[in-house]
file target.txt (compact mmCIF, C-alpha atoms)
# COMPACT_ATOMS: atom_id res chain seq x y z
CA MET A 1 24.95 23.67 -29.63
CA LYS A 2 24.30 27.35 -29.99
CA THR A 3 21.81 28.71 -32.48
CA VAL A 4 22.41 31.97 -34.36
CA HIS A 5 20.31 33.90 -36.85
CA ALA A 6 21.76 34.89 -40.22
CA THR A 7 21.72 38.65 -40.74
CA ARG A 8 23.85 39.24 -43.84
CA TYR A 9 24.90 37.18 -46.85
CA ILE A 10 28.54 38.02 -47.58
CA THR A 11 29.85 35.82 -50.37
CA PRO A 12 29.34 32.36 -51.90
CA LEU A 13 32.12 29.77 -51.70
CA ARG A 14 31.89 28.12 -55.08
CA GLU A 15 34.54 25.50 -54.40
CA GLY A 16 31.91 23.13 -53.04
CA GLY A 17 29.07 21.49 -54.94
CA SER A 18 26.60 22.49 -52.22
CA LEU A 19 27.21 26.25 -52.73
CA PRO A 20 28.17 27.06 -49.13
CA ALA A 21 28.52 30.74 -48.28
CA VAL A 22 30.04 33.10 -45.76
CA ILE A 23 27.37 34.87 -43.73
CA GLU A 24 27.24 37.19 -40.74
CA ALA A 25 25.02 36.29 -37.79
CA ASP A 26 23.34 38.12 -34.94
CA ASP A 27 26.19 37.26 -32.56
CA ASP A 28 28.48 39.41 -34.80
CA GLY A 29 30.30 36.25 -35.88
CA MET A 30 31.00 35.10 -39.42
CA TYR A 31 30.12 31.56 -40.44
CA VAL A 32 30.46 29.25 -43.40
CA ILE A 33 26.88 28.08 -43.85
CA LYS A 34 25.83 24.78 -45.42
CA PHE A 35 22.32 25.05 -46.82
CA ARG A 36 19.64 22.47 -46.10
CA GLY A 37 18.11 23.14 -49.52
CA ALA A 38 21.29 22.36 -51.47
CA GLY A 39 21.37 19.42 -53.84
CA GLN A 40 23.10 17.17 -51.31
CA GLY A 41 20.07 17.47 -49.04
CA PRO A 42 19.73 17.35 -45.25
CA LYS A 43 21.78 14.15 -44.91
CA ALA A 44 24.90 16.15 -45.68
CA LEU A 45 24.01 18.49 -42.81
CA ILE A 46 23.37 15.54 -40.50
CA ALA A 47 26.82 14.20 -41.32
CA GLU A 48 28.36 17.65 -40.77
CA LEU A 49 26.70 17.99 -37.38
CA VAL A 50 27.25 14.47 -36.05
CA VAL A 51 30.82 14.10 -37.28
CA GLY A 52 31.69 17.64 -36.24
CA ARG A 53 30.41 17.13 -32.72
CA LEU A 54 32.18 13.77 -32.45
CA ALA A 55 35.41 15.46 -33.50
CA GLN A 56 34.96 18.12 -30.82
CA VAL A 57 34.39 15.49 -28.12
CA LEU A 58 37.60 13.78 -29.21
CA GLY A 59 39.56 17.03 -29.06
CA LEU A 60 40.31 17.10 -32.76
CA PRO A 61 40.96 20.58 -34.18
CA MET A 62 38.03 22.00 -36.08
CA PRO A 63 36.05 25.24 -36.21
CA ASP A 64 33.13 25.57 -33.81
CA ILE A 65 29.78 24.69 -35.35
CA ALA A 66 26.35 26.20 -34.78
CA LEU A 67 22.80 25.88 -36.01
CA VAL A 68 21.91 28.83 -38.25
CA GLU A 69 18.34 30.09 -38.57
CA LEU A 70 17.63 31.44 -42.04
CA ASP A 71 14.66 33.58 -43.06
CA ARG A 72 13.48 33.42 -46.68
CA GLU A 73 13.48 37.23 -46.77
CA PHE A 74 17.26 36.91 -46.55
CA ALA A 75 17.18 36.15 -50.30
CA ARG A 76 16.01 39.65 -51.24
CA THR A 77 19.49 41.14 -50.92
CA GLU A 78 21.12 38.52 -53.17
CA PRO A 79 21.11 39.36 -56.90
CA ASP A 80 21.98 35.83 -58.14
CA PRO A 81 18.71 33.94 -58.91
CA GLU A 82 20.34 30.56 -58.22
CA ILE A 83 21.38 31.66 -54.75
CA GLN A 84 17.97 33.25 -54.14
CA ASP A 85 16.33 29.89 -54.86
CA LEU A 86 18.82 28.11 -52.60
CA ILE A 87 18.11 30.46 -49.70
CA ARG A 88 14.35 30.15 -50.09
CA ALA A 89 14.62 26.36 -50.16
CA SER A 90 16.71 26.49 -46.97
CA GLU A 91 14.36 28.51 -44.79
CA GLY A 92 14.65 27.34 -41.20
CA ILE A 93 17.60 25.60 -39.57
CA ASN A 94 20.89 25.16 -41.41
CA LEU A 95 24.43 24.48 -40.22
CA GLY A 96 27.35 26.85 -39.89
CA SER A 97 30.98 26.65 -38.86
CA ASP A 98 33.21 29.48 -37.73
CA TYR A 99 34.78 31.27 -40.67
CA LEU A 100 38.58 31.17 -40.55
CA PRO A 101 39.71 34.32 -42.42
CA GLY A 102 42.97 33.85 -44.25
CA ALA A 103 43.08 30.08 -43.76
CA LEU A 104 45.00 28.13 -46.39
CA ASN A 105 44.30 24.75 -47.93
CA TYR A 106 46.45 22.04 -46.44
CA ASP A 107 49.49 21.02 -48.47
CA PRO A 108 51.30 17.89 -47.20
CA ALA A 109 54.51 19.08 -48.87
CA ALA A 110 54.46 22.23 -46.75
CA MET A 111 53.25 20.83 -43.42
CA GLN A 112 53.55 17.38 -41.91
CA PRO A 113 51.50 16.83 -38.73
CA ASP A 114 52.97 14.82 -35.89
CA ALA A 115 52.25 11.10 -35.78
CA GLU A 116 49.80 11.38 -32.88
CA LEU A 117 47.53 13.94 -34.53
CA ALA A 118 47.71 12.26 -37.94
CA SER A 119 46.85 8.89 -36.38
CA ARG A 120 43.89 10.29 -34.47
CA ILE A 121 42.46 11.92 -37.58
CA VAL A 122 42.94 8.73 -39.62
CA TRP A 123 41.24 6.67 -36.88
CA PHE A 124 38.39 9.15 -36.72
CA ASP A 125 37.84 9.21 -40.48
CA ALA A 126 37.86 5.41 -40.61
CA TYR A 127 35.26 5.31 -37.82
CA THR A 128 33.00 7.82 -39.57
CA SER A 129 33.65 6.45 -43.09
CA ASN A 130 34.80 9.83 -44.35
CA VAL A 131 35.60 9.45 -48.03
CA ASP A 132 36.68 13.07 -48.40
CA ARG A 133 40.13 13.48 -46.87
CA THR A 134 42.30 12.59 -49.83
CA ALA A 135 45.31 14.32 -51.37
CA ARG A 136 43.01 15.56 -54.13
CA ASN A 137 40.49 16.98 -51.67
CA PRO A 138 41.93 16.93 -48.14
CA ASN A 139 39.27 19.09 -46.46
CA LEU A 140 41.94 20.35 -44.09
CA MET A 141 42.79 23.99 -43.52
CA VAL A 142 45.81 25.63 -41.93
CA TRP A 143 45.01 28.64 -39.81
CA HIS A 144 47.58 30.33 -37.57
CA ARG A 145 49.89 27.37 -38.28
CA LYS A 146 47.35 24.91 -36.91
CA LEU A 147 45.51 22.19 -38.81
CA TYR A 148 41.69 22.26 -38.87
CA LEU A 149 39.22 19.63 -40.06
CA ILE A 150 36.39 20.91 -42.26
CA ASP A 151 33.60 19.62 -44.52
CA HIS A 152 32.22 16.32 -43.27
CA GLY A 153 29.12 16.15 -45.43
CA ALA A 154 30.42 13.09 -47.31
CA ALA A 155 31.02 11.08 -44.13
CA LEU A 156 28.57 8.53 -42.67
CA TYR A 157 27.77 7.32 -46.17
CA PHE A 158 25.96 4.30 -44.70
CA HIS A 159 22.92 6.56 -44.21
CA HIS A 160 22.32 6.56 -47.96
CA ASP A 161 21.48 2.84 -47.67
CA TRP A 162 19.69 2.20 -44.37
CA GLU A 163 18.66 -1.29 -45.44
CA ASN A 164 22.29 -2.42 -45.22
CA ALA A 165 23.45 -0.16 -42.39
CA GLY A 166 23.62 -3.03 -39.91
CA GLU A 167 26.07 -4.90 -42.11
CA ALA A 168 28.10 -1.74 -42.71
CA CYS A 169 28.83 -1.38 -38.96
CA GLY A 170 31.48 -4.09 -39.01
CA LYS A 171 33.04 -3.42 -42.37
CA PRO A 172 36.61 -2.11 -42.71
CA PHE A 173 36.96 1.25 -44.37
CA VAL A 174 39.12 0.28 -47.33
CA LEU A 175 39.22 3.81 -48.74
CA ILE A 176 41.40 4.79 -45.80
CA ARG A 177 44.29 3.85 -48.10
CA ASP A 178 43.70 7.17 -49.91
CA HIS A 179 43.79 9.33 -46.76
CA VAL A 180 46.09 12.31 -47.13
CA LEU A 181 47.53 11.89 -43.61
CA LEU A 182 47.97 8.10 -43.72
CA PRO A 183 51.75 8.25 -44.42
CA PHE A 184 52.24 10.10 -41.12
CA ALA A 185 49.84 7.94 -39.07
CA SER A 186 52.22 5.54 -37.35
CA ARG A 187 50.29 5.43 -34.04
CA ILE A 188 46.84 4.23 -35.05
CA ALA A 189 46.65 1.55 -32.34
CA GLU A 190 47.52 4.15 -29.71
CA ALA A 191 44.89 6.49 -31.15
CA ASP A 192 42.30 3.75 -30.88
CA ALA A 193 43.15 3.15 -27.23
CA ALA A 194 42.91 6.87 -26.43
CA LEU A 195 39.83 7.86 -28.44
CA ALA A 196 37.40 4.95 -28.30
CA PRO A 197 36.74 5.21 -24.51
CA LEU A 198 35.70 8.86 -24.94
CA LEU A 199 32.73 7.92 -27.13
CA THR A 200 30.43 6.52 -24.49
CA ASP A 201 26.83 5.62 -25.23
CA ALA A 202 25.74 8.76 -23.38
CA VAL A 203 28.01 10.96 -25.51
CA ILE A 204 26.73 9.44 -28.74
CA ASP A 205 23.11 9.78 -27.61
CA SER A 206 23.62 13.43 -26.69
CA ILE A 207 25.15 14.24 -30.08
CA VAL A 208 22.47 12.47 -32.09
CA ALA A 209 19.81 14.23 -30.00
CA GLN A 210 21.04 17.54 -31.46
CA ILE A 211 19.94 16.65 -35.00
CA PRO A 212 17.00 18.97 -35.76
CA ASP A 213 13.69 17.22 -36.39
CA GLY A 214 13.35 19.09 -39.68
CA TRP A 215 16.39 17.27 -41.06
CA LEU A 216 14.91 13.87 -40.22
CA GLN A 217 12.16 13.76 -42.79
CA SER A 218 11.27 11.81 -45.94
CA GLU A 219 13.09 8.63 -44.96
CA PRO A 220 10.79 5.66 -45.64
CA SER A 221 12.87 3.29 -43.51
CA PHE A 222 11.58 4.89 -40.29
CA SER A 223 8.15 5.54 -38.86
CA ASP A 224 9.06 8.79 -37.09
CA VAL A 225 11.95 11.08 -36.23
CA ASP A 226 12.68 9.30 -32.95
CA ALA A 227 13.23 5.99 -34.74
CA TYR A 228 15.33 7.75 -37.38
CA ARG A 229 17.49 9.47 -34.77
CA SER A 230 17.86 6.25 -32.77
CA ALA A 231 19.17 4.46 -35.86
CA TYR A 232 22.11 6.87 -36.05
CA ALA A 233 22.97 6.27 -32.41
CA SER A 234 22.71 2.50 -32.81
CA TYR A 235 25.00 2.51 -35.83
CA LEU A 236 27.67 4.65 -34.18
CA LYS A 237 27.68 2.53 -31.03
CA ARG A 238 27.81 -0.74 -32.93
CA ARG A 239 30.56 0.51 -35.24
CA LEU A 240 32.62 1.37 -32.19
CA GLN A 241 32.09 -2.11 -30.75
CA LEU A 242 33.25 -3.66 -34.03
CA ARG A 243 36.05 -1.17 -34.60
CA ASP A 244 38.83 -3.77 -34.84
CA ALA A 245 37.91 -4.20 -38.52
CA PHE A 246 38.52 -0.56 -39.46
CA VAL A 247 41.46 -0.14 -37.07
CA GLN A 248 43.36 -3.11 -38.50
CA GLU A 249 42.55 -2.01 -42.06
CA ALA A 250 44.02 1.43 -41.33
CA ILE A 251 47.13 -0.10 -39.78
CA ARG A 252 47.61 -2.37 -42.81
CA ALA A 253 47.16 0.59 -45.16
CA HIS A 254 49.78 2.61 -43.28
CA THR A 255 52.21 -0.33 -43.28
CA ALA A 256 51.97 -0.44 -47.09
CA TYR A 257 53.71 2.94 -47.15
CA LEU A 258 56.75 1.65 -45.26
call {"tool": "encode", "arguments": {"input": "target.txt", "output": "structure tokens"}}
result
Amino acid sequence: MKTVHATRYITPLREGGSLPAVIEADDDGMYVIKFRGAGQGPKALIAELVVGRLAQVLGLPMPDIALVELDREFARTEPDPEIQDLIRASEGINLGSDYLPGALNYDPAAMQPDAELASRIVWFDAYTSNVDRTARNPNLMVWHRKLYLIDHGAALYFHHDWENAGEACGKPFVLIRDHVLLPFASRIAEADAALAPLLTDAVIDSIVAQIPDGWLQSEPSFSDVDAYRSAYASYLKRRLQLRDAFVQEAIRAHTAYL
């Protein structure tokens, strides 16, 4: 993953509870930044990074992501005291995704993805336990007539309860029934056959290795950052091995629409 340095705060995006913002970086690019110091904490950034990188490996459409270095002096140019405090609390490494100017929120009445893409996204969200791809909050954007996945901070919700993470590996994802693309996902079994082999142990290890050490703090379940990081890799590998549970649940949920 590339690392950029924030150079200019452009505007807050107040749609999200974490107060993301559009910033400019030293590579002349514009990014939507998620702040480490936001109320959702670093686990939301871990989910954004891990799930985003998994999506990229699987060829799912989403904006490029990057680590964003933020200096506390960056807050001096922002007049809003709340945002100043957020920036100061987020000094160091944060996460950004390419800003898509002019992108529109996805509306299923206006655009219906093909069965292959819909099925792959449904499979992926069941694997990563993404609770935030519903009709009410699809976290999908349309840019240049192409669908893009965004906002994965609510995924991997097992990491809010590490004591029971082992049991969670084999559980079906029952909330897949609320997925905005489920009505179009008629090829979930085919998606499973195509996507699962791409997530090798080496791929998962390489993605988890990209989690910054600074995000892996204050978790009493682990003795150090290496153990903490390893736990993510172990969960993702084991969930893939036990994927029949979430695959069959997704297929059953789709069949209910027929």
call {"tool": "closest_atom_pairs", "arguments": {"input": "target.txt", "of": "range 33-116 of chain A", "to": "range 2-5 of chain A", "cutoff": "10 Å", "atoms": "only C-alpha atoms", "output": "JSON lines"}}
result
{"residue": "A:Asp64", "atom": "CA", "partner": "A:Lys2", "partner_atom": "CA", "distance": 9.8}
{"residue": "A:Ile65", "atom": "CA", "partner": "A:Lys2", "partner_atom": "CA", "distance": 8.1}
{"residue": "A:Ala66", "atom": "CA", "partner": "A:Lys2", "partner_atom": "CA", "distance": 5.3}
{"residue": "A:Leu67", "atom": "CA", "partner": "A:Thr3", "partner_atom": "CA", "distance": 4.6}
{"residue": "A:Val68", "atom": "CA", "partner": "A:Val4", "partner_atom": "CA", "distance": 5.0}
{"residue": "A:Glu69", "atom": "CA", "partner": "A:His5", "partner_atom": "CA", "distance": 4.6}
{"residue": "A:Leu70", "atom": "CA", "partner": "A:His5", "partner_atom": "CA", "distance": 6.3}
{"residue": "A:Asp71", "atom": "CA", "partner": "A:His5", "partner_atom": "CA", "distance": 8.4}
{"residue": "A:Gly92", "atom": "CA", "partner": "A:His5", "partner_atom": "CA", "distance": 9.7}
{"residue": "A:Ile93", "atom": "CA", "partner": "A:Thr3", "partner_atom": "CA", "distance": 8.8}
{"residue": "A:Asn94", "atom": "CA", "partner": "A:Thr3", "partner_atom": "CA", "distance": 9.7}
{"residue": "A:Leu95", "atom": "CA", "partner": "A:Thr3", "partner_atom": "CA", "distance": 9.2}
{"residue": "A:Gly96", "atom": "CA", "partner": "A:Val4", "partner_atom": "CA", "distance": 9.0}
call {"tool": "residues_around", "arguments": {"input": "target.txt", "residues": "Gln217 in chain A", "least_positions_apart": "4", "cutoff": "12 Å", "atoms": "only C-alpha atoms", "output": "count of residues only"}}
result
17
call {"tool": "residues_near_point", "arguments": {"input": "target.txt", "point": "(48.2, 15.1, -38.5)", "cutoff": "10 Å", "atoms": "only C-alpha atoms", "output": "ChimeraX atom specification"}}
result
/A:60,108,111-122,140,146-148,180-185
call {"tool": "closest_atom_pairs", "arguments": {"input": "target.txt", "of": "range 39-72 of chain A", "to": "range 123-137 of chain A", "cutoff": "10 Å", "atoms": "only C-alpha atoms", "output": "Markdown table"}}
result
| residue | atom | partner | partner_atom | distance |
| --- | --- | --- | --- | --- |
| A:Ala47 | CA | A:Thr128 | CA | 9.1 |
| A:Val50 | CA | A:Thr128 | CA | 9.5 |
| A:Val51 | CA | A:Thr128 | CA | 7.0 |
| A:Leu54 | CA | A:Phe124 | CA | 8.8 |
| A:Ala55 | CA | A:Phe124 | CA | 7.7 |
| A:Leu58 | CA | A:Phe124 | CA | 8.9 |
| A:Leu60 | CA | A:Phe124 | CA | 9.1 |
call {"tool": "atom_distance", "arguments": {"input": "target.txt", "atom1": "CA of Leu86 in chain A", "atom2": "CA of Val142 in chain A"}}
result
29.1 Å
call {"tool": "atom_distance", "arguments": {"input": "target.txt", "atom1": "CA of Pro138 in chain A", "atom2": "CA of Ala253 in chain A"}}
result
17.4 Å
call {"tool": "closest_residue", "arguments": {"input": "target.txt", "among": "A:Asn105, A:Ser230, A:Thr77, A:Asn139", "to": "Ile207 in chain A", "atoms": "all atoms listed in the file"}}
result
A:Ser230
call {"tool": "atom_distance", "arguments": {"input": "target.txt", "atom1": "CA of Val57 in chain A", "atom2": "CA of Ile204 in chain A"}}
result
9.8 Å
call {"tool": "residues_around", "arguments": {"input": "target.txt", "residues": "Arg72 in chain A", "least_positions_apart": "2", "cutoff": "8 Å", "atoms": "only C-alpha atoms", "output": "list in words"}}
result
Leu70, Phe74, Ala75, Ile87, Arg88, Ala89, Ser90 and Glu91 of chain A
call {"tool": "closest_residue", "arguments": {"input": "target.txt", "among": "A:Tyr99, A:Tyr106, A:Phe246, A:Tyr235", "to": "Asn164 in chain A", "atoms": "only C-alpha atoms"}}
result
A:Tyr235
